[in-house]
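structure-v7.pdb (PDB, C-alpha atoms and all ligand atoms)
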ATOM      1  CA  MET A 238      38.875 -23.992 -16.941
ATOM      2  CA  ALA A 239      36.203 -22.097 -15.092
ATOM      3  CA  ASP A 240      34.801 -19.001 -16.701
ATOM      4  CA  THR A 241      35.874 -16.048 -14.569
ATOM      5  CA  THR A 242      33.990 -13.377 -16.488
ATOM      6  CA  PRO A 243      32.096 -11.383 -13.863
ATOM      7  CA  THR A 244      28.339 -11.824 -14.155
ATOM      8  CA  TYR A 245      25.815  -9.099 -13.555
ATOM      9  CA  GLU A 246      25.287 -10.495 -10.060
ATOM     10  CA  ASP A 247      28.941  -9.839  -9.209
ATOM     11  CA  LEU A 248      28.635  -6.265 -10.338
ATOM     12  CA  ALA A 249      25.206  -5.709  -8.898
ATOM     13  CA  THR A 250      26.299  -4.919  -5.383
ATOM     14  CA  PRO A 251      28.788  -2.129  -6.079
ATOM     15  CA  LEU A 252      26.570  -0.822  -8.856
ATOM     16  CA  ALA A 253      23.527  -0.844  -6.643
ATOM     17  CA  ARG A 254      25.514   0.814  -3.878
ATOM     18  CA  ALA A 255      26.648   3.556  -6.212
ATOM     19  CA  ALA A 256      23.111   4.086  -7.481
ATOM     20  CA  GLU A 257      21.816   4.119  -3.920
ATOM     21  CA  HIS A 258      24.409   6.660  -2.876
ATOM     22  CA  SER A 259      23.653   8.943  -5.778
ATOM     23  CA  VAL A 260      19.915   8.791  -5.083
ATOM     24  CA  MET A 261      20.610   9.633  -1.435
ATOM     25  CA  VAL A 262      22.820  12.559  -2.336
ATOM     26  CA  ARG A 263      20.507  13.840  -5.032
ATOM     27  CA  HIS A 264      17.361  13.631  -3.004
ATOM     28  CA  GLY A 265      18.488  13.663   0.621
ATOM     29  CA  ALA A 266      15.061  12.150   0.992
ATOM     30  CA  ARG A 267      14.727  11.948   4.752
ATOM     31  CA  MET A 268      16.518  15.251   5.323
ATOM     32  CA  ARG A 269      14.085  17.395   3.383
ATOM     33  CA  PRO A 270      11.509  19.470   5.277
ATOM     34  CA  PRO A 271       8.561  17.574   6.737
ATOM     35  CA  LEU A 272       5.451  17.239   4.625
ATOM     36  CA  PRO A 273       2.344  19.243   5.392
ATOM     37  CA  ARG A 274      -0.511  17.123   6.687
ATOM     38  CA  PRO A 275      -3.564  16.774   4.439
ATOM     39  CA  GLU A 276      -6.638  18.794   5.221
ATOM     40  CA  ARG A 277      -8.653  15.724   5.976
ATOM     41  CA  THR A 278      -7.836  12.047   6.386
ATOM     42  CA  ARG A 279      -7.039  10.498   3.002
ATOM     43  CA  VAL A 280      -8.396   6.957   2.693
ATOM     44  CA  PHE A 281      -6.597   4.796   0.111
ATOM     45  CA  VAL A 282      -7.742   1.424  -1.148
ATOM     46  CA  VAL A 283      -4.765  -0.636  -2.294
ATOM     47  CA  ALA A 284      -6.310  -3.105  -4.701
ATOM     48  CA  ASN A 285      -5.672  -5.310  -7.711
ATOM     49  CA  GLN A 286      -7.424  -8.667  -7.878
ATOM     50  CA  LYS A 287      -4.235 -10.203  -9.177
ATOM     51  CA  GLY A 288      -2.118 -11.776  -6.440
ATOM     52  CA  GLY A 289       1.572 -11.108  -6.012
ATOM     53  CA  VAL A 290       1.694  -7.690  -7.677
ATOM     54  CA  GLY A 291       2.942  -5.846  -4.600
ATOM     55  CA  LYS A 292      -0.258  -4.714  -2.863
ATOM     56  CA  THR A 293       0.839  -5.677   0.617
ATOM     57  CA  THR A 294       4.443  -4.641   0.100
ATOM     58  CA  SER A 295       3.334  -1.249  -1.180
ATOM     59  CA  THR A 296       0.763  -0.764   1.580
ATOM     60  CA  VAL A 297       3.215  -1.383   4.390
ATOM     61  CA  ASN A 298       6.146   0.453   2.830
ATOM     62  CA  VAL A 299       4.224   3.493   1.648
ATOM     63  CA  GLY A 300       2.579   3.506   5.085
ATOM     64  CA  ALA A 301       5.904   3.297   6.920
ATOM     65  CA  ALA A 302       7.468   5.885   4.602
ATOM     66  CA  LEU A 303       4.611   8.337   5.195
ATOM     67  CA  ALA A 304       5.014   7.806   8.931
ATOM     68  CA  GLN A 305       8.765   8.441   8.653
ATOM     69  CA  LEU A 306       7.905  11.641   6.816
ATOM     70  CA  GLY A 307       5.904  12.839   9.810
ATOM     71  CA  GLN A 308       2.391  11.690   8.896
ATOM     72  CA  ARG A 309       0.111   9.657  11.144
ATOM     73  CA  VAL A 310      -0.902   6.490   9.343
ATOM     74  CA  LEU A 311      -3.388   3.675   9.887
ATOM     75  CA  VAL A 312      -3.005   0.458   7.889
ATOM     76  CA  ILE A 313      -6.090  -1.755   7.759
ATOM     77  CA  ASP A 314      -5.270  -5.347   6.874
ATOM     78  CA  LEU A 315      -8.220  -6.622   4.862
ATOM     79  CA  ASP A 316      -6.565  -9.805   3.606
ATOM     80  CA  PRO A 317      -7.235 -12.965   5.668
ATOM     81  CA  GLN A 318      -3.632 -13.974   4.925
ATOM     82  CA  GLY A 319      -2.554 -11.201   7.290
ATOM     83  CA  ASN A 320       0.661 -10.472   5.410
ATOM     84  CA  ALA A 321       0.524  -6.765   6.166
ATOM     85  CA  SER A 322       0.102  -7.569   9.865
ATOM     86  CA  THR A 323       3.175  -9.810   9.704
ATOM     87  CA  ALA A 324       5.286  -7.196   7.952
ATOM     88  CA  LEU A 325       4.253  -4.603  10.526
ATOM     89  CA  SER A 326       5.084  -6.970  13.362
ATOM     90  CA  VAL A 327       1.648  -7.073  14.973
ATOM     91  CA  ASP A 328       0.095 -10.193  16.401
ATOM     92  CA  HIS A 329      -2.624 -11.644  14.200
ATOM     93  CA  ARG A 330      -3.275 -15.017  15.737
ATOM     94  CA  ARG A 331      -6.875 -16.100  16.016
ATOM     95  CA  GLY A 332      -8.579 -14.289  18.896
ATOM     96  CA  VAL A 333      -6.640 -11.049  18.535
ATOM     97  CA  PRO A 334      -8.994  -8.065  18.021
ATOM     98  CA  SER A 335      -8.992  -7.576  14.267
ATOM     99  CA  THR A 336     -10.627  -6.326  11.097
ATOM    100  CA  TYR A 337     -13.090  -9.201  11.357
ATOM    101  CA  ASP A 338     -14.528  -7.895  14.634
ATOM    102  CA  ALA A 339     -15.010  -4.428  13.179
ATOM    103  CA  LEU A 340     -16.501  -5.651   9.948
ATOM    104  CA  VAL A 341     -18.719  -8.513  11.042
ATOM    105  CA  ASP A 342     -19.504  -7.743  14.690
ATOM    106  CA  GLY A 343     -19.464  -3.963  14.431
ATOM    107  CA  VAL A 344     -16.809  -3.502  17.134
ATOM    108  CA  PRO A 345     -15.616   0.154  16.977
ATOM    109  CA  LEU A 346     -12.460   0.400  14.880
ATOM    110  CA  GLU A 347     -10.528   2.203  17.628
ATOM    111  CA  GLU A 348     -10.887  -0.915  19.786
ATOM    112  CA  VAL A 349      -9.041  -3.090  17.278
ATOM    113  CA  VAL A 350      -6.164  -0.741  16.397
ATOM    114  CA  THR A 351      -2.664  -1.490  17.662
ATOM    115  CA  ALA A 352       0.582   0.437  17.238
ATOM    116  CA  CYS A 353       3.277  -0.896  14.936
ATOM    117  CA  PRO A 354       6.200  -1.487  17.312
ATOM    118  CA  GLU A 355       8.833  -0.713  14.665
ATOM    119  CA  VAL A 356       7.631   2.622  13.323
ATOM    120  CA  PRO A 357       6.339   5.551  15.401
ATOM    121  CA  ASN A 358       3.099   7.109  14.104
ATOM    122  CA  LEU A 359       2.114   3.925  12.300
ATOM    123  CA  PHE A 360      -0.949   1.999  13.474
ATOM    124  CA  VAL A 361      -2.475  -1.253  12.327
ATOM    125  CA  VAL A 362      -5.755  -3.105  12.350
ATOM    126  CA  PRO A 363      -4.565  -6.706  12.023
ATOM    127  CA  ALA A 364      -6.274  -9.425  10.002
ATOM    128  CA  THR A 365      -6.748 -12.886  11.449
ATOM    129  CA  ILE A 366      -7.703 -15.973   9.495
ATOM    130  CA  ASP A 367     -11.310 -15.442  10.675
ATOM    131  CA  LEU A 368     -11.573 -12.821   7.973
ATOM    132  CA  ALA A 369     -11.676 -15.615   5.403
ATOM    133  CA  GLY A 370     -15.183 -16.411   6.639
ATOM    134  CA  ALA A 371     -16.301 -12.796   6.492
ATOM    135  CA  GLU A 372     -16.655 -12.921   2.738
ATOM    136  CA  ILE A 373     -19.553 -15.350   3.250
ATOM    137  CA  GLU A 374     -20.830 -14.166   6.624
ATOM    138  CA  LEU A 375     -21.277 -10.639   5.331
ATOM    139  CA  VAL A 376     -23.640 -11.764   2.594
ATOM    140  CA  SER A 377     -26.546 -11.909   5.015
ATOM    141  CA  VAL A 378     -25.626  -8.809   6.995
ATOM    142  CA  VAL A 379     -27.478  -5.485   6.709
ATOM    143  CA  ALA A 380     -25.717  -2.862   4.546
ATOM    144  CA  ARG A 381     -22.996  -5.363   3.828
ATOM    145  CA  GLU A 382     -21.051  -3.141   1.390
ATOM    146  CA  THR A 383     -20.813  -0.109   3.659
ATOM    147  CA  ARG A 384     -19.574  -1.633   6.906
ATOM    148  CA  LEU A 385     -15.942  -0.708   6.512
ATOM    149  CA  HIS A 386     -16.888   2.794   5.396
ATOM    150  CA  LYS A 387     -18.961   3.261   8.553
ATOM    151  CA  ALA A 388     -16.220   1.799  10.727
ATOM    152  CA  ILE A 389     -13.588   4.169   9.326
ATOM    153  CA  GLN A 390     -15.760   7.275   9.323
ATOM    154  CA  GLY A 391     -16.849   6.451  12.886
ATOM    155  CA  HIS A 392     -13.249   6.392  14.136
ATOM    156  CA  PRO A 393     -12.664   9.421  16.359
ATOM    157  CA  LEU A 394      -9.264  10.104  14.730
ATOM    158  CA  VAL A 395     -10.584  10.375  11.180
ATOM    159  CA  GLY A 396     -11.552  13.766   9.735
ATOM    160  CA  THR A 397     -10.063  17.250   9.611
ATOM    161  CA  LEU A 398      -7.406  18.482  12.035
ATOM    162  CA  ASP A 399      -9.888  21.038  13.389
ATOM    163  CA  GLU A 400     -12.494  18.423  14.165
ATOM    164  CA  VAL A 401     -10.130  15.818  15.498
ATOM    165  CA  GLY A 402      -6.924  17.421  16.763
ATOM    166  CA  GLU A 403      -3.233  16.579  16.450
ATOM    167  CA  GLU A 404      -3.697  12.842  16.924
ATOM    168  CA  ARG A 405      -5.671  12.677  13.695
ATOM    169  CA  TYR A 406      -4.795   9.960  11.159
ATOM    170  CA  ASP A 407      -3.548  11.642   8.020
ATOM    171  CA  TYR A 408      -3.664   8.485   5.928
ATOM    172  CA  VAL A 409      -5.652   5.265   6.092
ATOM    173  CA  LEU A 410      -4.341   2.546   3.773
ATOM    174  CA  ILE A 411      -6.457  -0.554   3.180
ATOM    175  CA  ASP A 412      -4.607  -3.669   1.993
ATOM    176  CA  CYS A 413      -7.071  -5.728  -0.063
ATOM    177  CA  PRO A 414      -7.137  -9.455  -0.741
ATOM    178  CA  PRO A 415      -6.485 -10.677  -4.308
ATOM    179  CA  SER A 416     -10.146 -10.927  -5.323
ATOM    180  CA  LEU A 417     -13.096  -8.695  -6.097
ATOM    181  CA  GLY A 418     -15.420 -10.098  -3.427
ATOM    182  CA  LEU A 419     -17.267  -8.402  -0.579
ATOM    183  CA  LEU A 420     -14.079  -7.510   1.309
ATOM    184  CA  THR A 421     -12.604  -5.579  -1.603
ATOM    185  CA  LEU A 422     -16.040  -4.097  -2.315
ATOM    186  CA  ASN A 423     -16.165  -2.792   1.270
ATOM    187  CA  ALA A 424     -12.780  -1.166   0.722
ATOM    188  CA  LEU A 425     -13.877   0.432  -2.552
ATOM    189  CA  VAL A 426     -16.889   1.920  -0.799
ATOM    190  CA  ALA A 427     -14.771   3.092   2.150
ATOM    191  CA  GLY A 428     -12.007   4.802   0.185
ATOM    192  CA  ALA A 429     -11.866   8.032  -1.756
ATOM    193  CA  GLU A 430      -8.672   7.120  -3.557
ATOM    194  CA  MET A 431      -7.433   3.969  -5.090
ATOM    195  CA  MET A 432      -3.839   2.872  -5.342
ATOM    196  CA  ILE A 433      -3.271   0.130  -7.892
ATOM    197  CA  PRO A 434       0.131  -1.544  -7.798
ATOM    198  CA  ILE A 435       1.108  -2.958 -11.178
ATOM    199  CA  GLN A 436       3.944  -5.415 -11.499
ATOM    200  CA  ALA A 437       6.253  -4.555 -14.375
ATOM    201  CA  GLU A 438       5.879  -7.986 -15.971
ATOM    202  CA  TYR A 439       4.308  -9.597 -18.967
ATOM    203  CA  TYR A 440       0.497  -9.786 -18.559
ATOM    204  CA  ALA A 441       0.666  -6.866 -16.129
ATOM    205  CA  LEU A 442      -2.310  -5.133 -17.685
ATOM    206  CA  GLU A 443      -4.375  -8.262 -18.020
ATOM    207  CA  GLY A 444      -7.283  -8.215 -15.609
ATOM    208  CA  LEU A 445      -7.059  -4.467 -15.131
ATOM    209  CA  GLY A 446     -10.130  -4.023 -17.339
ATOM    210  CA  GLN A 447     -12.198  -6.067 -14.925
ATOM    211  CA  LEU A 448     -10.854  -4.067 -11.987
ATOM    212  CA  LEU A 449     -11.677  -0.758 -13.657
ATOM    213  CA  GLU A 450     -15.179  -1.985 -14.543
ATOM    214  CA  THR A 451     -15.716  -2.819 -10.885
ATOM    215  CA  VAL A 452     -14.516   0.664  -9.964
ATOM    216  CA  GLU A 453     -16.990   2.214 -12.403
ATOM    217  CA  MET A 454     -19.813   0.108 -10.974
ATOM    218  CA  VAL A 455     -18.912   1.192  -7.447
ATOM    219  CA  LYS A 456     -18.715   4.828  -8.528
ATOM    220  CA  ALA A 457     -22.114   4.655 -10.190
ATOM    221  CA  HIS A 458     -23.960   2.944  -7.360
ATOM    222  CA  LEU A 459     -22.101   3.059  -4.086
ATOM    223  CA  ASN A 460     -19.272   5.586  -3.893
ATOM    224  CA  PRO A 461     -19.207   8.473  -6.382
ATOM    225  CA  ARG A 462     -16.105   9.964  -4.703
ATOM    226  CA  LEU A 463     -13.859   7.056  -5.646
ATOM    227  CA  ALA A 464     -10.932   8.044  -7.891
ATOM    228  CA  VAL A 465      -8.076   5.960  -9.256
ATOM    229  CA  SER A 466      -5.533   8.518  -8.091
ATOM    230  CA  THR A 467      -2.391   6.445  -7.820
ATOM    231  CA  ILE A 468      -0.783   3.786  -9.976
ATOM    232  CA  LEU A 469       2.467   2.365  -8.680
ATOM    233  CA  VAL A 470       4.792   0.338 -10.907
ATOM    234  CA  THR A 471       6.383  -2.335  -8.731
ATOM    235  CA  MET A 472       9.152  -4.927  -9.054
ATOM    236  CA  TYR A 473      10.644  -2.880 -11.836
ATOM    237  CA  ASP A 474      13.820  -4.296 -13.310
ATOM    238  CA  GLY A 475      15.472  -1.539 -15.300
ATOM    239  CA  ARG A 476      17.796  -4.033 -16.997
ATOM    240  CA  THR A 477      14.972  -5.553 -18.997
ATOM    241  CA  ARG A 478      13.286  -4.015 -21.979
ATOM    242  CA  LEU A 479      10.089  -5.772 -20.927
ATOM    243  CA  ALA A 480       9.892  -3.805 -17.678
ATOM    244  CA  SER A 481      10.406  -0.435 -19.320
ATOM    245  CA  GLY A 482       7.893  -1.390 -22.026
ATOM    246  CA  VAL A 483       5.276  -2.242 -19.408
ATOM    247  CA  ALA A 484       6.004   0.954 -17.487
ATOM    248  CA  ASP A 485       5.567   3.011 -20.686
ATOM    249  CA  GLU A 486       2.306   1.265 -21.468
ATOM    250  CA  VAL A 487       1.003   1.893 -17.950
ATOM    251  CA  ARG A 488       1.882   5.594 -18.322
ATOM    252  CA  GLU A 489       0.062   5.757 -21.644
ATOM    253  CA  HIS A 490      -3.076   4.310 -20.041
ATOM    254  CA  PHE A 491      -3.092   6.181 -16.769
ATOM    255  CA  GLY A 492      -1.110   9.380 -17.407
ATOM    256  CA  ASP A 493      -0.635  11.566 -14.345
ATOM    257  CA  ALA A 494      -2.009   8.986 -11.952
ATOM    258  CA  VAL A 495       1.205   6.979 -12.349
ATOM    259  CA  VAL A 496       3.736   7.687  -9.617
ATOM    260  CA  ARG A 497       6.958   8.905 -11.275
ATOM    261  CA  THR A 498       9.142   6.736  -9.075
ATOM    262  CA  ASN A 499       9.058   3.058 -10.050
ATOM    263  CA  ILE A 500       9.693   0.579  -7.250
ATOM    264  CA  PRO A 501      12.690  -1.574  -8.181
ATOM    265  CA  ARG A 502      12.794  -5.315  -7.744
ATOM    266  CA  SER A 503      15.044  -5.802  -4.747
ATOM    267  CA  VAL A 504      15.859  -8.721  -2.501
ATOM    268  CA  ARG A 505      15.912  -6.427   0.546
ATOM    269  CA  VAL A 506      12.252  -5.560  -0.031
ATOM    270  CA  SER A 507      11.240  -9.212  -0.114
ATOM    271  CA  GLU A 508      13.417 -10.187   2.878
ATOM    272  CA  ALA A 509      12.080  -7.539   5.232
ATOM    273  CA  PRO A 510       8.755  -9.246   6.185
ATOM    274  CA  SER A 511      10.519 -12.344   7.481
ATOM    275  CA  TYR A 512      12.097 -10.049  10.099
ATOM    276  CA  GLY A 513       8.716  -8.520  10.936
ATOM    277  CA  GLN A 514       9.820  -5.310   9.301
ATOM    278  CA  THR A 515       9.210  -3.069   6.344
ATOM    279  CA  VAL A 516      12.209  -2.315   4.161
ATOM    280  CA  MET A 517      11.960   1.235   5.533
ATOM    281  CA  THR A 518      13.467   0.042   8.826
ATOM    282  CA  TYR A 519      15.139  -3.181   7.670
ATOM    283  CA  ASP A 520      17.436  -1.443   5.192
ATOM    284  CA  PRO A 521      16.588   2.264   5.018
ATOM    285  CA  GLY A 522      19.395   3.111   2.588
ATOM    286  CA  SER A 523      18.536   0.392   0.065
ATOM    287  CA  PRO A 524      17.134   1.364  -3.337
ATOM    288  CA  GLY A 525      13.736  -0.168  -2.516
ATOM    289  CA  ALA A 526      13.412   1.888   0.669
ATOM    290  CA  LEU A 527      14.551   5.090  -1.013
ATOM    291  CA  CYS A 528      12.106   4.602  -3.853
ATOM    292  CA  TYR A 529       9.200   3.906  -1.491
ATOM    293  CA  LEU A 530      10.166   7.047   0.415
ATOM    294  CA  GLU A 531      10.218   9.050  -2.797
ATOM    295  CA  ALA A 532       6.901   7.542  -3.930
ATOM    296  CA  ALA A 533       5.313   8.377  -0.558
ATOM    297  CA  ARG A 534       6.581  11.939  -0.762
ATOM    298  CA  GLU A 535       5.150  12.262  -4.236
ATOM    299  CA  ILE A 536       1.740  10.914  -3.170
ATOM    300  CA  ALA A 537       1.623  13.275  -0.208
ATOM    301  CA  THR A 538       2.823  16.299  -2.151
ATOM    302  CA  LYS A 539       0.383  15.778  -4.983
ATOM    303  CA  GLY A 540      -2.510  15.779  -2.533
ATOM    304  CA  ALA A 541      -6.012  14.381  -2.836
ATOM    305  CA  PRO A 542      -7.792  14.729  -6.182
ATOM    306  CA  ALA A 543     -10.152  17.711  -6.327
TER     307      ALA A 543
HETATM  308  P1  LIG B   1       0.242  -8.947  -3.142
HETATM  309  O1  LIG B   1      -0.082  -8.354  -1.821
HETATM  310  O2  LIG B   1      -0.261  -8.131  -4.299
HETATM  311  O3  LIG B   1      -0.206 -10.375  -3.254
HETATM  312  P2  LIG B   1       2.970  -8.878  -2.229
HETATM  313  O4  LIG B   1       3.184  -7.474  -1.796
HETATM  314  O5  LIG B   1       2.717  -9.881  -1.167
HETATM  315  O6  LIG B   1       1.821  -8.940  -3.329
HETATM  316  O7  LIG B   1       4.225  -9.290  -3.112
HETATM  317  C1  LIG B   1       4.321 -10.576  -3.705
HETATM  318  C2  LIG B   1       5.727 -11.108  -3.533
HETATM  319  O8  LIG B   1       6.650 -10.286  -4.216
HETATM  320  C3  LIG B   1       6.166 -11.149  -2.092
HETATM  321  O9  LIG B   1       6.939 -12.296  -1.879
HETATM  322  C4  LIG B   1       7.014  -9.892  -1.946
HETATM  323  O10 LIG B   1       8.023 -10.037  -0.961
HETATM  324  C5  LIG B   1       7.640  -9.791  -3.328
HETATM  325  N1  LIG B   1       7.922  -8.394  -3.680
HETATM  326  C6  LIG B   1       7.051  -7.352  -3.659
HETATM  327  N2  LIG B   1       7.657  -6.215  -4.045
HETATM  328  C7  LIG B   1       8.945  -6.544  -4.315
HETATM  329  C8  LIG B   1      10.094  -5.803  -4.768
HETATM  330  N3  LIG B   1      10.034  -4.495  -5.018
HETATM  331  N4  LIG B   1      11.240  -6.489  -4.942
HETATM  332  C9  LIG B   1      11.310  -7.809  -4.703
HETATM  333  N5  LIG B   1      10.295  -8.561  -4.272
HETATM  334  C10 LIG B   1       9.120  -7.936  -4.082
HETATM  335 MG    MG B   2      -1.214  -9.129  -0.247
END
Would you put the structure from the file into structure tokens?
Amino acid sequence: MADTTPTYEDLATPLARAAEHSVMVRHGARMRPPLPRPERTRVFVVANQKGGVGKTTSTVNVGAALAQLGQRVLVIDLDPQGNASTALSVDHRRGVPSTYDALVDGVPLEEVVTACPEVPNLFVVPATIDLAGAEIELVSVVARETRLHKAIQGHPLVGTLDEVGEERYDYVLIDCPPSLGLLTLNALVAGAEMMIPIQAEYYALEGLGQLLETVEMVKAHLNPRLAVSTILVTMYDGRTRLASGVADEVREHFGDAVVRTNIPRSVRVSEAPSYGQTVMTYDPGSPGALCYLEAAREIATKGAPA
């Protein structure tokens, strides 16, 4: 006779729905007053040389959430894979104006920006596969570590509201490739804040030492303003002791930099890119979307480090 005991999977949907509903009611996330815009453009580097930890997912969803909360956001896709471009539904076939043109050929950034068709106030610099060559091509280029910094700071919509006006980008989020090469180095020099997504899994903290050493090196020699302001725990599965153990350990290491809202592991989050969407539009009431919204609100409310 077949075992008819309900499994967790059977219960997951109503349970998740109930949780979702209670979060909605408790927080009324989208209904709360709009966020104030930062004094000057905040430039975030989303980096972790480990692949698959949620860099791209966090970049596009935090970006979309900030835009939904009334901020103007630019996402720069710095990964030749172009996953952020895909999720934000912008063309990134070879030949499309892209990060490569800005970085290697010095094309002004404003000439390679396109609007994300799904989310108002969200803009994207797409990455084409050409960017894979940039890692090597940049080696022989003058001031090779500071090219992205110059490109961003030279954009007419980056700065204070007074200097730039209402169209100003409030946030620039740079989605890094899973390595510590020249592309990531350019991002670390260009950003003032770093967002490190950490997957709530075994070995999560492995490799972080190397990342933090790189950050220290960059701070000492290239970008003294850089601060690890934001740690985001991703793919959190509250049912496992492992996940909560990792989250606790991350909080011990990084204290206040850790965003209070963990991002849950959720199928809706991983499905969204195949529809050219972020989970923020694909399933706005799902736990993943609500948590990204909450995380974005927290990041914006906390403000830039002094
Ligand atoms: P990275 O950019 O660091 O390589 P990704 O953001 O591409 O990582 O995420 C790696 C994989 O994990 C992707 O397939 C993505 O869809 C999936 N993923 C990321 N966040 C979640 C989540 N909260 N729940 C479920 N799957 C997720
Ligand atoms: Mg990625």
Apply the PyMOL selection byres (((chain A and resi 428-436) around 8) and not hetatm) to the file shown and report the selected residues as a PDB file with C-alpha atoms, keeping the file's coordinate frame.
ATOM      1  CA  ARG A 279      -7.039  10.498   3.002  1.00  0.00           C
ATOM      2  CA  VAL A 280      -8.396   6.957   2.693  1.00  0.00           C
ATOM      3  CA  PHE A 281      -6.597   4.796   0.111  1.00  0.00           C
ATOM      4  CA  VAL A 282      -7.742   1.424  -1.148  1.00  0.00           C
ATOM      5  CA  VAL A 283      -4.765  -0.636  -2.294  1.00  0.00           C
ATOM      6  CA  ALA A 284      -6.310  -3.105  -4.701  1.00  0.00           C
ATOM      7  CA  ASN A 285      -5.672  -5.310  -7.711  1.00  0.00           C
ATOM      8  CA  VAL A 290       1.694  -7.690  -7.677  1.00  0.00           C
ATOM      9  CA  GLY A 291       2.942  -5.846  -4.600  1.00  0.00           C
ATOM     10  CA  LYS A 292      -0.258  -4.714  -2.863  1.00  0.00           C
ATOM     11  CA  SER A 295       3.334  -1.249  -1.180  1.00  0.00           C
ATOM     12  CA  HIS A 386     -16.888   2.794   5.396  1.00  0.00           C
ATOM     13  CA  ALA A 424     -12.780  -1.166   0.722  1.00  0.00           C
ATOM     14  CA  LEU A 425     -13.877   0.432  -2.552  1.00  0.00           C
ATOM     15  CA  VAL A 426     -16.889   1.920  -0.799  1.00  0.00           C
ATOM     16  CA  ALA A 427     -14.771   3.092   2.150  1.00  0.00           C
ATOM     17  CA  ALA A 437       6.253  -4.555 -14.375  1.00  0.00           C
ATOM     18  CA  GLU A 438       5.879  -7.986 -15.971  1.00  0.00           C
ATOM     19  CA  ALA A 441       0.666  -6.866 -16.129  1.00  0.00           C
ATOM     20  CA  LEU A 442      -2.310  -5.133 -17.685  1.00  0.00           C
ATOM     21  CA  ARG A 462     -16.105   9.964  -4.703  1.00  0.00           C
ATOM     22  CA  LEU A 463     -13.859   7.056  -5.646  1.00  0.00           C
ATOM     23  CA  ALA A 464     -10.932   8.044  -7.891  1.00  0.00           C
ATOM     24  CA  VAL A 465      -8.076   5.960  -9.256  1.00  0.00           C
ATOM     25  CA  SER A 466      -5.533   8.518  -8.091  1.00  0.00           C
ATOM     26  CA  THR A 467      -2.391   6.445  -7.820  1.00  0.00           C
ATOM     27  CA  ILE A 468      -0.783   3.786  -9.976  1.00  0.00           C
ATOM     28  CA  LEU A 469       2.467   2.365  -8.680  1.00  0.00           C
ATOM     29  CA  VAL A 470       4.792   0.338 -10.907  1.00  0.00           C
ATOM     30  CA  THR A 471       6.383  -2.335  -8.731  1.00  0.00           C
ATOM     31  CA  MET A 472       9.152  -4.927  -9.054  1.00  0.00           C
ATOM     32  CA  TYR A 473      10.644  -2.880 -11.836  1.00  0.00           C
ATOM     33  CA  ALA A 541      -6.012  14.381  -2.836  1.00  0.00           C
TER      34      ALA A 541
END
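Note that CA of Gln308 in chain A and CA of Arg277 in chain A are 12.1 Å apart.
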If the limit is 10 Å from any atom of ligand LIG 1 (chain B), counting only C-alpha atoms and all ligand atoms, which residues qualify? Return them as a VMD selection string. chain A and resid 283 to 298 316 318 to 321 324 412 to 415 433 to 436 470 to 474 499 to 511 516 524 to 526 528 to 529
For the provided coordinates, the residues matched by the PyMOL selection byres (((chain A and resi 483) around 8) and not hetatm) should be stated as a PyMOL selection string. chain A and resi 437-439+441+479-482+484-487
Pick out the residues sitting within 10 Å of Pro345 in chain A, and hand them over as an mmCIF file with C-alpha atoms, in the frame of the given file; count all atoms listed in the file, and ignore anything fewer than 3 positions along from it in its own chain.
data_model
loop_
_atom_site.group_PDB
_atom_site.id
_atom_site.type_symbol
_atom_site.label_atom_id
_atom_site.label_comp_id
_atom_site.auth_asym_id
_atom_site.auth_seq_id
_atom_site.Cartn_x
_atom_site.Cartn_y
_atom_site.Cartn_z
ATOM 1 C CA ASP A 338 -14.528 -7.895 14.634
ATOM 2 C CA ALA A 339 -15.010 -4.428 13.179
ATOM 3 C CA LEU A 340 -16.501 -5.651 9.948
ATOM 4 C CA ASP A 342 -19.504 -7.743 14.690
ATOM 5 C CA GLU A 348 -10.887 -0.915 19.786
ATOM 6 C CA VAL A 349 -9.041 -3.090 17.278
ATOM 7 C CA VAL A 350 -6.164 -0.741 16.397
ATOM 8 C CA LYS A 387 -18.961 3.261 8.553
ATOM 9 C CA ALA A 388 -16.220 1.799 10.727
ATOM 10 C CA ILE A 389 -13.588 4.169 9.326
ATOM 11 C CA GLY A 391 -16.849 6.451 12.886
ATOM 12 C CA HIS A 392 -13.249 6.392 14.136
ATOM 13 C CA PRO A 393 -12.664 9.421 16.359
#
Please return, as an mmCIF file with C-alpha atoms, in the coordinates of the input, all polymer residues that have at least one atom within 8 Å of the point (-6.0, 8.7, 9.2); use all atoms listed in the file and the file's own coordinate frame.
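Writing done, so here's part.cif:
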data_model
loop_
_atom_site.group_PDB
_atom_site.id
_atom_site.type_symbol
_atom_site.label_atom_id
_atom_site.label_comp_id
_atom_site.auth_asym_id
_atom_site.auth_seq_id
_atom_site.Cartn_x
_atom_site.Cartn_y
_atom_site.Cartn_z
ATOM 1 C CA THR A 278 -7.836 12.047 6.386
ATOM 2 C CA ARG A 279 -7.039 10.498 3.002
ATOM 3 C CA VAL A 280 -8.396 6.957 2.693
ATOM 4 C CA ARG A 309 0.111 9.657 11.144
ATOM 5 C CA VAL A 310 -0.902 6.490 9.343
ATOM 6 C CA LEU A 311 -3.388 3.675 9.887
ATOM 7 C CA LEU A 394 -9.264 10.104 14.730
ATOM 8 C CA VAL A 395 -10.584 10.375 11.180
ATOM 9 C CA GLY A 396 -11.552 13.766 9.735
ATOM 10 C CA ARG A 405 -5.671 12.677 13.695
ATOM 11 C CA TYR A 406 -4.795 9.960 11.159
ATOM 12 C CA ASP A 407 -3.548 11.642 8.020
ATOM 13 C CA TYR A 408 -3.664 8.485 5.928
ATOM 14 C CA VAL A 409 -5.652 5.265 6.092
#
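Considering all atoms listed in the file, the residue among A:Thr323, A:Thr336, A:Gln447, A:Thr397 positioned nearest to Ser416 in chain A is A:Gln447.
Residues in contact with Asp367 in chain A at 7 Å, where all atoms listed in the file are counted and same-chain residues fewer than 2 positions away are skipped, are listed as Pro317, Arg331, Tyr337, Thr365, Ala369 and Gly370 of chain A.
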